[in-house]
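Encoded as structure tokens, the structure appears first; notes follow it.
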Amino acid sequence: MSDDAELERLRVEAAELRDLVRALSAALARAAAALPPEAALALARGGDAGAESPFQLEHWNDTIEMTRADVASEMALLWKRLPPRESP
């Protein structure tokens with residue numbers, strides 16, 4: 001594979017990852033908006049909220065880079081944990 005082709009492949013993959021990260025960020029914002037204020041604050045505080053926080057992140061591994069599979073698995077986990085929303 002030529003350097004130009006490899007560079008283009010990486011550009012396309014980076015654009016796809018940016019789109020997935022934007023979708024994940026939007027989903028997280030919607031999830032936080034659906035929570036009661038106290039729960040949203042506890043989630044936002046993360047580790048600073050103490051052991052009594054009802055929203056501990058489980059099985060979270062910080063990584064330097066994320067692949068499409070990483071983002072997809074996080075999105076799937078998010079959708080499984082979201083409570084169903086009732087229509088107005």
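Residues in the structure tokens are named by chain (A, B, ... in the order shown) and by number from 1 within that chain; ligands are numbered from 1 in the order shown.
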8 Å contact set for Leu20 (chain A), only C-alpha atoms, chain neighbours under 2 positions out, as JSON, numbers by chain: {"A": [16, 17, 18, 22, 23, 24, 68, 71, 72]}
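Candidate residues A:Asp19, A:Arg81, A:Asp3, A:Ala69 were compared for distance to Ala32 (chain A), and the nearest is A:Arg81, using only C-alpha atoms.
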CA of Leu28 (chain A) to CA of Leu10 (chain A), distance in Å rounded to a single decimal: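 Computing the Euclidean distance for CA of Leu28 (chain A) and CA of Leu10 (chain A) yields 26.5 Å.
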CA of Ala5 (chain A) to CA of Val21 (chain A), straight-line distance in Å: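 About the pair CA of Val21 (chain A) and CA of Ala5 (chain A): they are 24.3 Å apart.
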Å distance separating CA of Leu78 (chain A) from CA of Ala27 (chain A), one decimal place: 7.9 Å
